[in-house]
$ cat work32.cif   # mmCIF, C-alpha atoms
data_data
loop_
_atom_site.group_PDB
_atom_site.id
_atom_site.type_symbol
_atom_site.label_atom_id
_atom_site.label_comp_id
_atom_site.auth_asym_id
_atom_site.auth_seq_id
_atom_site.Cartn_x
_atom_site.Cartn_y
_atom_site.Cartn_z
ATOM 1 C CA MET A 1 116.365 -72.201 -74.797
ATOM 2 C CA ILE A 2 115.837 -68.428 -74.806
ATOM 3 C CA PHE A 3 116.956 -68.267 -78.454
ATOM 4 C CA ILE A 4 114.224 -70.566 -79.759
ATOM 5 C CA PRO A 5 111.406 -67.982 -79.286
ATOM 6 C CA ILE A 6 113.564 -65.488 -81.234
ATOM 7 C CA ILE A 7 113.511 -67.815 -84.224
ATOM 8 C CA LEU A 8 109.734 -68.155 -83.855
ATOM 9 C CA LEU A 9 108.977 -64.418 -83.740
ATOM 10 C CA ASN A 10 107.713 -64.119 -87.315
ATOM 11 C CA LEU A 11 105.739 -67.368 -87.053
ATOM 12 C CA GLN A 12 103.819 -66.654 -83.854
ATOM 13 C CA ARG A 13 100.556 -66.132 -85.756
ATOM 14 C CA PHE A 14 100.376 -69.897 -86.284
ATOM 15 C CA ARG A 15 98.703 -71.670 -83.354
ATOM 16 C CA VAL A 16 101.104 -74.620 -83.333
ATOM 17 C CA VAL A 17 104.108 -72.275 -83.142
ATOM 18 C CA LYS A 18 102.481 -70.150 -80.439
ATOM 19 C CA ASN A 19 101.655 -73.222 -78.369
ATOM 20 C CA PHE A 20 105.182 -74.587 -78.756
ATOM 21 C CA SER A 21 106.623 -71.285 -77.543
ATOM 22 C CA ARG A 22 104.254 -71.326 -74.549
ATOM 23 C CA PHE A 23 105.337 -74.907 -73.841
ATOM 24 C CA LEU A 24 108.972 -73.768 -73.669
ATOM 25 C CA VAL A 25 108.063 -70.892 -71.359
ATOM 26 C CA ARG A 26 105.993 -73.212 -69.154
ATOM 27 C CA ILE A 27 108.699 -75.824 -68.649
ATOM 28 C CA SER A 28 111.337 -73.119 -68.111
ATOM 29 C CA TRP A 29 109.337 -71.428 -65.355
ATOM 30 C CA ASN A 30 108.421 -74.795 -63.860
ATOM 31 C CA PHE A 31 112.116 -75.663 -63.650
ATOM 32 C CA PHE A 32 112.800 -72.284 -62.052
ATOM 33 C CA LEU A 33 110.119 -72.787 -59.388
ATOM 34 C CA LYS A 34 111.235 -76.340 -58.619
ATOM 35 C CA SER A 35 114.792 -75.053 -58.257
ATOM 36 C CA THR A 36 113.841 -72.259 -55.865
ATOM 37 C CA GLU A 37 111.772 -74.736 -53.856
ATOM 38 C CA PHE A 38 114.662 -77.232 -53.719
ATOM 39 C CA LEU A 39 117.048 -74.485 -52.618
ATOM 40 C CA GLY A 40 114.695 -73.442 -49.832
ATOM 41 C CA TYR A 41 113.638 -70.015 -51.088
ATOM 42 C CA GLN A 42 109.926 -70.771 -51.374
ATOM 43 C CA HIS A 43 107.299 -73.459 -50.998
ATOM 44 C CA SER A 44 103.807 -73.511 -52.447
ATOM 45 C CA ASN A 45 100.813 -75.581 -53.515
ATOM 46 C CA TYR A 46 100.966 -74.214 -57.066
ATOM 47 C CA GLN A 47 100.322 -77.659 -58.591
ATOM 48 C CA ILE A 48 96.585 -77.130 -57.991
ATOM 49 C CA LEU A 49 96.660 -74.533 -60.778
ATOM 50 C CA LYS A 50 96.858 -77.365 -63.333
ATOM 51 C CA GLU A 51 93.123 -77.811 -62.797
ATOM 52 C CA LEU A 52 92.369 -74.381 -64.254
ATOM 53 C CA SER A 53 92.992 -75.080 -67.940
ATOM 54 C CA SER A 54 89.652 -74.564 -69.693
ATOM 55 C CA PRO A 55 88.674 -72.959 -73.033
ATOM 56 C CA ASN A 56 87.050 -69.512 -73.153
ATOM 57 C CA THR A 57 87.996 -68.986 -69.514
ATOM 58 C CA LEU A 58 89.242 -65.916 -67.674
ATOM 59 C CA ILE A 59 91.248 -66.566 -64.506
ATOM 60 C CA ILE A 60 91.703 -63.737 -62.011
ATOM 61 C CA CYS A 61 93.750 -63.457 -58.831
ATOM 62 C CA ASN A 62 95.001 -60.859 -56.401
ATOM 63 C CA HIS A 63 98.565 -59.753 -57.097
ATOM 64 C CA PRO A 64 100.785 -59.624 -53.982
ATOM 65 C CA SER A 65 104.199 -60.305 -55.537
ATOM 66 C CA LEU A 66 106.447 -60.328 -58.571
ATOM 67 C CA LEU A 67 106.249 -64.095 -59.174
ATOM 68 C CA ASP A 68 102.455 -64.499 -59.236
ATOM 69 C CA VAL A 69 102.080 -64.898 -62.998
ATOM 70 C CA VAL A 70 105.054 -67.285 -63.085
ATOM 71 C CA PHE A 71 103.165 -69.811 -60.956
ATOM 72 C CA PHE A 72 100.166 -69.759 -63.289
ATOM 73 C CA ILE A 73 102.167 -69.947 -66.516
ATOM 74 C CA SER A 74 104.273 -72.821 -65.192
ATOM 75 C CA GLN A 75 101.213 -75.026 -64.616
ATOM 76 C CA ILE A 76 98.478 -74.194 -67.144
ATOM 77 C CA ARG A 77 98.937 -75.487 -70.684
ATOM 78 C CA ASN A 78 98.744 -72.972 -73.539
ATOM 79 C CA VAL A 79 97.604 -70.208 -71.207
ATOM 80 C CA ASN A 80 97.677 -66.561 -72.255
ATOM 81 C CA CYS A 81 98.327 -63.609 -69.966
ATOM 82 C CA VAL A 82 98.579 -59.828 -69.848
ATOM 83 C CA VAL A 83 102.079 -58.424 -69.323
ATOM 84 C CA LYS A 84 103.481 -54.938 -68.824
ATOM 85 C CA LYS A 85 104.062 -53.028 -72.052
ATOM 86 C CA GLU A 86 107.439 -51.897 -70.673
ATOM 87 C CA LEU A 87 108.697 -55.460 -71.240
ATOM 88 C CA LYS A 88 108.674 -54.707 -74.964
ATOM 89 C CA LYS A 89 112.051 -53.041 -74.342
ATOM 90 C CA ASN A 90 113.476 -56.124 -72.605
ATOM 91 C CA ILE A 91 115.669 -57.914 -75.143
ATOM 92 C CA PHE A 92 115.668 -61.100 -73.079
ATOM 93 C CA LEU A 93 111.958 -61.471 -72.279
ATOM 94 C CA TYR A 94 110.216 -59.815 -75.238
ATOM 95 C CA PRO A 95 111.066 -62.525 -77.820
ATOM 96 C CA ALA A 96 109.326 -65.101 -75.608
ATOM 97 C CA ILE A 97 106.386 -62.719 -74.993
ATOM 98 C CA LYS A 98 105.987 -62.021 -78.711
ATOM 99 C CA SER A 99 106.303 -65.604 -79.936
ATOM 100 C CA SER A 100 103.894 -66.811 -77.240
ATOM 101 C CA GLY A 101 101.270 -64.243 -78.226
ATOM 102 C CA TYR A 102 101.022 -62.754 -74.742
ATOM 103 C CA ILE A 103 99.066 -59.498 -74.505
ATOM 104 C CA LEU A 104 100.741 -56.184 -73.696
ATOM 105 C CA ASN A 105 98.717 -53.828 -71.457
ATOM 106 C CA ASP A 106 98.638 -51.097 -74.092
ATOM 107 C CA ASP A 107 95.758 -49.209 -75.693
ATOM 108 C CA PHE A 108 94.417 -52.375 -77.350
ATOM 109 C CA ILE A 109 94.324 -54.608 -74.262
ATOM 110 C CA LEU A 110 90.515 -54.822 -74.128
ATOM 111 C CA ASP A 111 90.046 -55.853 -77.762
ATOM 112 C CA LYS A 112 92.975 -58.295 -77.714
ATOM 113 C CA SER A 113 91.857 -59.919 -74.474
ATOM 114 C CA ILE A 114 88.279 -60.344 -75.682
ATOM 115 C CA ASP A 115 89.501 -61.803 -78.983
ATOM 116 C CA VAL A 116 91.732 -64.471 -77.405
ATOM 117 C CA LEU A 117 88.902 -65.560 -75.105
ATOM 118 C CA LYS A 118 86.441 -65.798 -77.983
ATOM 119 C CA ASN A 119 89.051 -67.872 -79.835
ATOM 120 C CA GLY A 120 88.957 -70.442 -77.051
ATOM 121 C CA GLU A 121 92.034 -69.553 -75.017
ATOM 122 C CA THR A 122 92.494 -69.459 -71.258
ATOM 123 C CA LEU A 123 93.560 -65.999 -70.069
ATOM 124 C CA ILE A 124 95.072 -64.833 -66.770
ATOM 125 C CA ILE A 125 94.481 -61.274 -65.567
ATOM 126 C CA PHE A 126 95.280 -59.554 -62.275
ATOM 127 C CA PRO A 127 92.412 -57.034 -61.965
ATOM 128 C CA GLU A 128 94.435 -54.742 -59.692
ATOM 129 C CA GLY A 129 96.623 -53.876 -62.670
ATOM 130 C CA SER A 130 99.779 -53.820 -60.554
ATOM 131 C CA ARG A 131 101.065 -55.483 -57.413
ATOM 132 C CA THR A 132 99.044 -55.005 -54.221
ATOM 133 C CA LYS A 133 100.285 -52.372 -51.811
ATOM 134 C CA GLU A 134 98.215 -51.956 -48.681
ATOM 135 C CA GLU A 135 94.707 -52.577 -50.011
ATOM 136 C CA ILE A 136 93.318 -54.543 -52.940
ATOM 137 C CA LEU A 137 91.873 -52.152 -55.510
ATOM 138 C CA MET A 138 90.233 -53.761 -58.541
ATOM 139 C CA HIS A 139 89.686 -52.151 -61.936
ATOM 140 C CA LYS A 140 86.562 -52.736 -64.020
ATOM 141 C CA ALA A 141 88.466 -53.595 -67.210
ATOM 142 C CA ALA A 142 88.932 -57.253 -66.277
ATOM 143 C CA PHE A 143 85.197 -57.670 -65.680
ATOM 144 C CA PHE A 144 84.337 -55.941 -68.960
ATOM 145 C CA ILE A 145 86.644 -58.461 -70.677
ATOM 146 C CA ALA A 146 84.949 -61.313 -68.806
ATOM 147 C CA ILE A 147 81.413 -60.330 -69.801
ATOM 148 C CA LYS A 148 82.305 -59.547 -73.412
ATOM 149 C CA GLY A 149 84.631 -62.470 -74.164
ATOM 150 C CA ALA A 150 84.604 -65.318 -71.633
ATOM 151 C CA LYS A 151 82.215 -68.171 -70.957
ATOM 152 C CA LYS A 152 83.635 -68.861 -67.508
ATOM 153 C CA LEU A 153 85.287 -66.758 -64.801
ATOM 154 C CA ILE A 154 87.516 -68.540 -62.260
ATOM 155 C CA VAL A 155 88.271 -66.568 -59.100
ATOM 156 C CA THR A 156 91.453 -67.529 -57.243
ATOM 157 C CA THR A 157 93.315 -66.125 -54.250
ATOM 158 C CA LEU A 158 96.989 -66.081 -53.299
ATOM 159 C CA ARG A 159 98.319 -65.615 -49.792
ATOM 160 C CA MET A 160 101.996 -65.079 -48.980
ATOM 161 C CA ASN A 161 103.850 -65.486 -45.735
ATOM 162 C CA PRO A 162 105.955 -63.453 -45.256
ATOM 163 C CA ARG A 163 105.116 -60.785 -47.812
ATOM 164 C CA SER A 164 107.911 -60.267 -50.333
ATOM 165 C CA LEU A 165 108.689 -59.089 -53.876
ATOM 166 C CA GLN A 166 106.093 -56.346 -53.473
ATOM 167 C CA LYS A 167 105.733 -53.249 -55.623
ATOM 168 C CA GLY A 168 108.699 -50.935 -55.086
ATOM 169 C CA GLN A 169 110.708 -53.603 -53.256
ATOM 170 C CA LYS A 170 114.046 -54.712 -54.704
ATOM 171 C CA TRP A 171 114.083 -58.394 -55.659
ATOM 172 C CA TYR A 172 117.267 -59.001 -53.671
ATOM 173 C CA LYS A 173 115.688 -57.629 -50.465
ATOM 174 C CA THR A 174 113.726 -60.793 -49.785
ATOM 175 C CA PRO A 175 113.154 -62.251 -46.312
ATOM 176 C CA LYS A 176 115.786 -64.665 -45.019
ATOM 177 C CA THR A 177 113.027 -67.150 -44.158
ATOM 178 C CA LYS A 178 111.334 -69.383 -46.722
ATOM 179 C CA ILE A 179 108.405 -67.683 -48.487
ATOM 180 C CA GLY A 180 105.121 -69.574 -48.454
ATOM 181 C CA TYR A 181 102.645 -69.227 -51.347
ATOM 182 C CA ASN A 182 99.163 -70.624 -50.836
ATOM 183 C CA PHE A 183 96.772 -70.691 -53.800
ATOM 184 C CA LYS A 184 93.061 -71.377 -53.511
ATOM 185 C CA ILE A 185 90.453 -71.806 -56.216
ATOM 186 C CA GLU A 186 87.545 -69.868 -54.761
ATOM 187 C CA LYS A 187 84.686 -69.998 -57.252
ATOM 188 C CA GLU A 188 83.704 -70.522 -60.864
ATOM 189 C CA ILE A 189 81.065 -68.362 -62.525
ATOM 190 C CA GLU A 190 79.329 -69.455 -65.736
ATOM 191 C CA LEU A 191 79.036 -66.101 -67.462
ATOM 192 C CA ASP A 192 76.451 -67.096 -70.062
ATOM 193 C CA TYR A 193 73.980 -67.322 -67.181
ATOM 194 C CA TYR A 194 75.260 -64.447 -65.063
ATOM 195 C CA GLU A 195 72.414 -61.889 -64.929
ATOM 196 C CA SER A 196 71.853 -62.619 -68.608
ATOM 197 C CA GLN A 197 68.567 -60.692 -68.653
ATOM 198 C CA LYS A 198 70.401 -57.404 -68.024
ATOM 199 C CA PRO A 199 72.419 -55.257 -70.492
ATOM 200 C CA ASP A 200 76.161 -55.832 -70.495
ATOM 201 C CA THR A 201 76.955 -52.517 -68.826
ATOM 202 C CA LEU A 202 74.935 -53.536 -65.764
ATOM 203 C CA ARG A 203 76.367 -57.065 -65.822
ATOM 204 C CA VAL A 204 79.910 -55.669 -65.786
ATOM 205 C CA ARG A 205 79.097 -53.378 -62.863
ATOM 206 C CA SER A 206 77.393 -56.161 -60.921
ATOM 207 C CA LEU A 207 80.248 -58.617 -61.504
ATOM 208 C CA PHE A 208 82.819 -56.004 -60.528
ATOM 209 C CA ASN A 209 80.972 -55.149 -57.319
ATOM 210 C CA GLU A 210 80.538 -58.802 -56.360
ATOM 211 C CA ILE A 211 84.157 -59.852 -56.938
ATOM 212 C CA ASN A 212 85.648 -56.645 -55.559
ATOM 213 C CA GLU A 213 83.646 -57.080 -52.353
ATOM 214 C CA PHE A 214 84.716 -60.714 -52.132
ATOM 215 C CA TYR A 215 88.439 -59.837 -52.270
ATOM 216 C CA LYS A 216 88.026 -57.004 -49.776
ATOM 217 C CA LYS A 217 86.424 -59.381 -47.270
ATOM 218 C CA GLU A 218 89.036 -62.060 -47.871
ATOM 219 C CA PHE A 219 91.990 -59.722 -47.320
ATOM 220 C CA LYS A 220 90.665 -57.142 -44.856
#

$ encode --input "work32.cif" --output "structure tokens"
Amino acid sequence: MIFIPIILLNLQRFRVVKNFSRFLVRISWNFFLKSTEFLGYQHSNYQILKELSSPNTLIICNHPSLLDVVFFISQIRNVNCVVKKELKKNIFLYPAIKSSGYILNDDFILDKSIDVLKNGETLIIFPEGSRTKEEILMHKAAFFIAIKGAKKLIVTTLRMNPRSLQKGQKWYKTPKTKIGYNFKIEKEIELDYYESQKPDTLRVRSLFNEINEFYKKEFK
């Protein structure tokens, strides 16, 4: 299955091809998660993420582990996401990233993210930028993207027990007990009405402060 996105690389600009590639990625990751659950490595309520598919929508979440984006991609149809630019050098993953139209976190991340939202896509972003260490630290970029490109912001949280696959931790050094992932859809914000009387710079700051404070309280 990994070879099909390679064939599609030069055709990814066509929506039907892009969506087909995302379909292949989604069912592959879904199979992976079902397998790890069957084998007793993890258990989760990730099926609730199916509810999040919505046009012109930005989905955000805290980022405690390596597999976070996998859960989202495995459940949400035709979803887009931001991935590390270093994956461009990965000969196994980059063909799927390219053919699916996923966004690399390079110098053009803001423009690309705003464009896909304005084009009606659903986009996942982890505002921390990298996996959580000790404290959740948000960056304003995600909220700039939300105000400039999205009609709706969906705030979700993810709790793990025990913590595993963290930044700097080797993937094979996982706990011997089953890892629990618990997702929760916290709130939805209609951005067309969010402090619409103010200039965008103030709206971005206000949204950032509100959501950043929410996550800090949730995970203090």

$ residues_around --input "work32.cif" --residues "segment 175-185 of chain A" --least-positions-apart "3" --cutoff "12 Å" --atoms "all atoms listed in the file" --output "JSON list (two decimals) with C-alpha atoms, in the coordinates of the input"
[["chain", "number", "residue", "atom", "x", "y", "z"],
["A", 33, "LEU", "CA", 110.12, -72.79, -59.39],
["A", 36, "THR", "CA", 113.84, -72.26, -55.86],
["A", 37, "GLU", "CA", 111.77, -74.74, -53.86],
["A", 38, "PHE", "CA", 114.66, -77.23, -53.72],
["A", 39, "LEU", "CA", 117.05, -74.48, -52.62],
["A", 40, "GLY", "CA", 114.70, -73.44, -49.83],
["A", 41, "TYR", "CA", 113.64, -70.02, -51.09],
["A", 42, "GLN", "CA", 109.93, -70.77, -51.37],
["A", 43, "HIS", "CA", 107.30, -73.46, -51.00],
["A", 44, "SER", "CA", 103.81, -73.51, -52.45],
["A", 45, "ASN", "CA", 100.81, -75.58, -53.52],
["A", 46, "TYR", "CA", 100.97, -74.21, -57.07],
["A", 47, "GLN", "CA", 100.32, -77.66, -58.59],
["A", 48, "ILE", "CA", 96.58, -77.13, -57.99],
["A", 49, "LEU", "CA", 96.66, -74.53, -60.78],
["A", 50, "LYS", "CA", 96.86, -77.36, -63.33],
["A", 51, "GLU", "CA", 93.12, -77.81, -62.80],
["A", 52, "LEU", "CA", 92.37, -74.38, -64.25],
["A", 59, "ILE", "CA", 91.25, -66.57, -64.51],
["A", 60, "ILE", "CA", 91.70, -63.74, -62.01],
["A", 61, "CYS", "CA", 93.75, -63.46, -58.83],
["A", 62, "ASN", "CA", 95.00, -60.86, -56.40],
["A", 63, "HIS", "CA", 98.56, -59.75, -57.10],
["A", 64, "PRO", "CA", 100.78, -59.62, -53.98],
["A", 65, "SER", "CA", 104.20, -60.30, -55.54],
["A", 67, "LEU", "CA", 106.25, -64.10, -59.17],
["A", 68, "ASP", "CA", 102.46, -64.50, -59.24],
["A", 71, "PHE", "CA", 103.16, -69.81, -60.96],
["A", 72, "PHE", "CA", 100.17, -69.76, -63.29],
["A", 153, "LEU", "CA", 85.29, -66.76, -64.80],
["A", 154, "ILE", "CA", 87.52, -68.54, -62.26],
["A", 155, "VAL", "CA", 88.27, -66.57, -59.10],
["A", 156, "THR", "CA", 91.45, -67.53, -57.24],
["A", 157, "THR", "CA", 93.32, -66.12, -54.25],
["A", 158, "LEU", "CA", 96.99, -66.08, -53.30],
["A", 159, "ARG", "CA", 98.32, -65.61, -49.79],
["A", 160, "MET", "CA", 102.00, -65.08, -48.98],
["A", 161, "ASN", "CA", 103.85, -65.49, -45.74],
["A", 162, "PRO", "CA", 105.96, -63.45, -45.26],
["A", 163, "ARG", "CA", 105.12, -60.78, -47.81],
["A", 164, "SER", "CA", 107.91, -60.27, -50.33],
["A", 165, "LEU", "CA", 108.69, -59.09, -53.88],
["A", 166, "GLN", "CA", 106.09, -56.35, -53.47],
["A", 169, "GLN", "CA", 110.71, -53.60, -53.26],
["A", 170, "LYS", "CA", 114.05, -54.71, -54.70],
["A", 171, "TRP", "CA", 114.08, -58.39, -55.66],
["A", 172, "TYR", "CA", 117.27, -59.00, -53.67],
["A", 188, "GLU", "CA", 83.70, -70.52, -60.86],
["A", 189, "ILE", "CA", 81.06, -68.36, -62.52],
["A", 218, "GLU", "CA", 89.04, -62.06, -47.87]]

$ resolve_selection --input "work32.cif" --expression "the PyMOL selection byres ((chain A and resi 144-148) around 7)" --output "short mmCIF file (atom, residue, chain, number, x, y, z; two decimals) with C-alpha atoms, in the coordinates of the input"
data_model
loop_
_atom_site.label_atom_id
_atom_site.label_comp_id
_atom_site.auth_asym_id
_atom_site.auth_seq_id
_atom_site.Cartn_x
_atom_site.Cartn_y
_atom_site.Cartn_z
CA LEU A 58 89.24 -65.92 -67.67
CA LEU A 110 90.52 -54.82 -74.13
CA SER A 113 91.86 -59.92 -74.47
CA ILE A 114 88.28 -60.34 -75.68
CA LYS A 140 86.56 -52.74 -64.02
CA ALA A 141 88.47 -53.60 -67.21
CA ALA A 142 88.93 -57.25 -66.28
CA PHE A 143 85.20 -57.67 -65.68
CA GLY A 149 84.63 -62.47 -74.16
CA ALA A 150 84.60 -65.32 -71.63
CA LEU A 153 85.29 -66.76 -64.80
CA LEU A 191 79.04 -66.10 -67.46
CA ASP A 200 76.16 -55.83 -70.50
CA VAL A 204 79.91 -55.67 -65.79
#

$ closest_residue --input "work32.cif" --among "A:Arg26, A:Lys151, A:Ile124, A:Val16" --to "Asp192 of chain A" --atoms "all atoms listed in the file"
A:Lys151

$ residues_around --input "work32.cif" --residues "Lys88 of chain A" --least-positions-apart "4" --cutoff "10 Å" --atoms "all atoms listed in the file" --output "mmCIF file with C-alpha atoms, keeping the file's coordinate frame"
data_model
loop_
_atom_site.group_PDB
_atom_site.id
_atom_site.type_symbol
_atom_site.label_atom_id
_atom_site.label_comp_id
_atom_site.auth_asym_id
_atom_site.auth_seq_id
_atom_site.Cartn_x
_atom_site.Cartn_y
_atom_site.Cartn_z
ATOM 1 C CA VAL A 83 102.079 -58.424 -69.323
ATOM 2 C CA LYS A 84 103.481 -54.938 -68.824
ATOM 3 C CA PHE A 92 115.668 -61.100 -73.079
ATOM 4 C CA LEU A 93 111.958 -61.471 -72.279
ATOM 5 C CA TYR A 94 110.216 -59.815 -75.238
ATOM 6 C CA PRO A 95 111.066 -62.525 -77.820
ATOM 7 C CA ILE A 97 106.386 -62.719 -74.993
ATOM 8 C CA LYS A 98 105.987 -62.021 -78.711
ATOM 9 C CA LEU A 104 100.741 -56.184 -73.696
#

$ atom_distance --input "work32.cif" --atom1 "atom CA of Leu207 of chain A" --atom2 "atom CA of Met138 of chain A"
11.5 Å

$ residues_around --input "work32.cif" --residues "Ser21 of chain A" --least-positions-apart "4" --cutoff "7 Å" --atoms "all atoms listed in the file" --output "JSON, numbers by chain"
{"A": [5, 17, 25, 99, 100]}

$ write_last_selection --input "work32.cif" --atoms "C-alpha atoms" --output "PDB file, keeping the file's coordinate frame"
ATOM      1  CA  PRO A   5     111.406 -67.982 -79.286  1.00  0.00           C
ATOM      2  CA  VAL A  17     104.108 -72.275 -83.142  1.00  0.00           C
ATOM      3  CA  VAL A  25     108.063 -70.892 -71.359  1.00  0.00           C
ATOM      4  CA  SER A  99     106.303 -65.604 -79.936  1.00  0.00           C
ATOM      5  CA  SER A 100     103.894 -66.811 -77.240  1.00  0.00           C
TER       6      SER A 100
END

$ atom_distance --input "work32.cif" --atom1 "atom CA of Phe23 of chain A" --atom2 "atom CA of Arg131 of chain A"
25.8 Å

$ atom_distance --input "work32.cif" --atom1 "atom CA of Asn119 of chain A" --atom2 "atom CA of Pro55 of chain A"
8.5 Å

$ closest_residue --input "work32.cif" --among "A:Phe208, A:Phe126, A:Tyr193, A:Phe31" --to "Leu66 of chain A" --atoms "all atoms listed in the file"
A:Phe126

$ residues_around --input "work32.cif" --residues "Ser53 of chain A" --least-positions-apart "5" --cutoff "8 Å" --atoms "all atoms listed in the file" --output "JSON list (two decimals) with C-alpha atoms, in the coordinates of the input"
[["chain", "number", "residue", "atom", "x", "y", "z"],
["A", 76, "ILE", "CA", 98.48, -74.19, -67.14],
["A", 77, "ARG", "CA", 98.94, -75.49, -70.68],
["A", 79, "VAL", "CA", 97.60, -70.21, -71.21],
["A", 122, "THR", "CA", 92.49, -69.46, -71.26]]

$ residues_near_point --input "work32.cif" --point "(90.6, -58.1, -45.5)" --cutoff "12 Å" --atoms "only C-alpha atoms" --output "list in words"
Glu134, Glu135, Ile136, Leu137, Arg159, Asn212, Glu213, Phe214, Tyr215, Lys216, Lys217, Glu218, Phe219 and Lys220 of chain A

$ axis_aligned_box --input "work32.cif" --around "segment 89-94 of chain A" --padding-each-side "5 Å" --output "lines of an AutoDock Vina configuration file"
center_x = 112.9
center_y = -57.3
center_z = -73.8
size_x = 15.5
size_y = 18.4
size_z = 13.0

$ residues_around --input "work32.cif" --residues "Val82 of chain A" --least-positions-apart "3" --cutoff "8 Å" --atoms "all atoms listed in the file" --output "list in words"
Tyr102, Ile103, Leu104, Asn105, Leu123, Ile124 and Ile125 of chain A

$ build_atoms --input "work32.cif" --residues "segment 127-144 of chain A" --atoms "N, CA and C atoms" --output "PDB file, in the frame of the given file"
ATOM      1  N   PRO A 127      93.258 -58.219 -61.824  1.00  0.00           N
ATOM      2  CA  PRO A 127      92.412 -57.034 -61.965  1.00  0.00           C
ATOM      3  C   PRO A 127      92.914 -55.785 -61.256  1.00  0.00           C
ATOM      4  N   GLU A 128      93.881 -55.931 -60.343  1.00  0.00           N
ATOM      5  CA  GLU A 128      94.435 -54.742 -59.692  1.00  0.00           C
ATOM      6  C   GLU A 128      95.296 -53.930 -60.649  1.00  0.00           C
ATOM      7  N   GLY A 129      95.805 -54.572 -61.693  1.00  0.00           N
ATOM      8  CA  GLY A 129      96.623 -53.876 -62.670  1.00  0.00           C
ATOM      9  C   GLY A 129      98.090 -53.817 -62.307  1.00  0.00           C
ATOM     10  N   SER A 130      98.399 -53.796 -61.033  1.00  0.00           N
ATOM     11  CA  SER A 130      99.779 -53.820 -60.554  1.00  0.00           C
ATOM     12  C   SER A 130      99.787 -54.516 -59.202  1.00  0.00           C
ATOM     13  N   ARG A 131     100.977 -54.746 -58.665  1.00  0.00           N
ATOM     14  CA  ARG A 131     101.065 -55.483 -57.413  1.00  0.00           C
ATOM     15  C   ARG A 131     100.386 -54.753 -56.244  1.00  0.00           C
ATOM     16  N   THR A 132      99.752 -55.537 -55.382  1.00  0.00           N
ATOM     17  CA  THR A 132      99.044 -55.005 -54.221  1.00  0.00           C
ATOM     18  C   THR A 132      99.986 -54.237 -53.313  1.00  0.00           C
ATOM     19  N   LYS A 133      99.531 -53.091 -52.843  1.00  0.00           N
ATOM     20  CA  LYS A 133     100.285 -52.372 -51.811  1.00  0.00           C
ATOM     21  C   LYS A 133      99.638 -52.663 -50.460  1.00  0.00           C
ATOM     22  N   GLU A 134      98.851 -51.762 -49.980  1.00  0.00           N
ATOM     23  CA  GLU A 134      98.215 -51.956 -48.681  1.00  0.00           C
ATOM     24  C   GLU A 134      96.819 -52.551 -48.808  1.00  0.00           C
ATOM     25  N   GLU A 135      96.101 -52.172 -49.849  1.00  0.00           N
ATOM     26  CA  GLU A 135      94.707 -52.577 -50.011  1.00  0.00           C
ATOM     27  C   GLU A 135      94.466 -53.029 -51.441  1.00  0.00           C
ATOM     28  N   ILE A 136      93.662 -54.059 -51.603  1.00  0.00           N
ATOM     29  CA  ILE A 136      93.318 -54.543 -52.940  1.00  0.00           C
ATOM     30  C   ILE A 136      92.340 -53.581 -53.596  1.00  0.00           C
ATOM     31  N   LEU A 137      92.717 -53.080 -54.760  1.00  0.00           N
ATOM     32  CA  LEU A 137      91.873 -52.152 -55.510  1.00  0.00           C
ATOM     33  C   LEU A 137      91.710 -52.689 -56.928  1.00  0.00           C
ATOM     34  N   MET A 138      90.521 -53.187 -57.234  1.00  0.00           N
ATOM     35  CA  MET A 138      90.233 -53.761 -58.541  1.00  0.00           C
ATOM     36  C   MET A 138      89.891 -52.675 -59.558  1.00  0.00           C
ATOM     37  N   HIS A 139      90.117 -53.008 -60.835  1.00  0.00           N
ATOM     38  CA  HIS A 139      89.686 -52.151 -61.936  1.00  0.00           C
ATOM     39  C   HIS A 139      88.602 -52.881 -62.728  1.00  0.00           C
ATOM     40  N   LYS A 140      87.701 -52.130 -63.331  1.00  0.00           N
ATOM     41  CA  LYS A 140      86.562 -52.736 -64.020  1.00  0.00           C
ATOM     42  C   LYS A 140      86.938 -53.404 -65.333  1.00  0.00           C
ATOM     43  N   ALA A 141      88.097 -53.091 -65.884  1.00  0.00           N
ATOM     44  CA  ALA A 141      88.466 -53.595 -67.210  1.00  0.00           C
ATOM     45  C   ALA A 141      88.412 -55.118 -67.286  1.00  0.00           C
ATOM     46  N   ALA A 142      88.912 -55.789 -66.254  1.00  0.00           N
ATOM     47  CA  ALA A 142      88.932 -57.253 -66.277  1.00  0.00           C
ATOM     48  C   ALA A 142      87.520 -57.827 -66.355  1.00  0.00           C
ATOM     49  N   PHE A 143      86.559 -57.162 -65.723  1.00  0.00           N
ATOM     50  CA  PHE A 143      85.197 -57.670 -65.680  1.00  0.00           C
ATOM     51  C   PHE A 143      84.441 -57.340 -66.974  1.00  0.00           C
ATOM     52  N   PHE A 144      84.841 -56.248 -67.621  1.00  0.00           N
ATOM     53  CA  PHE A 144      84.337 -55.941 -68.960  1.00  0.00           C
ATOM     54  C   PHE A 144      84.800 -57.023 -69.927  1.00  0.00           C
TER      55      PHE A 144
END
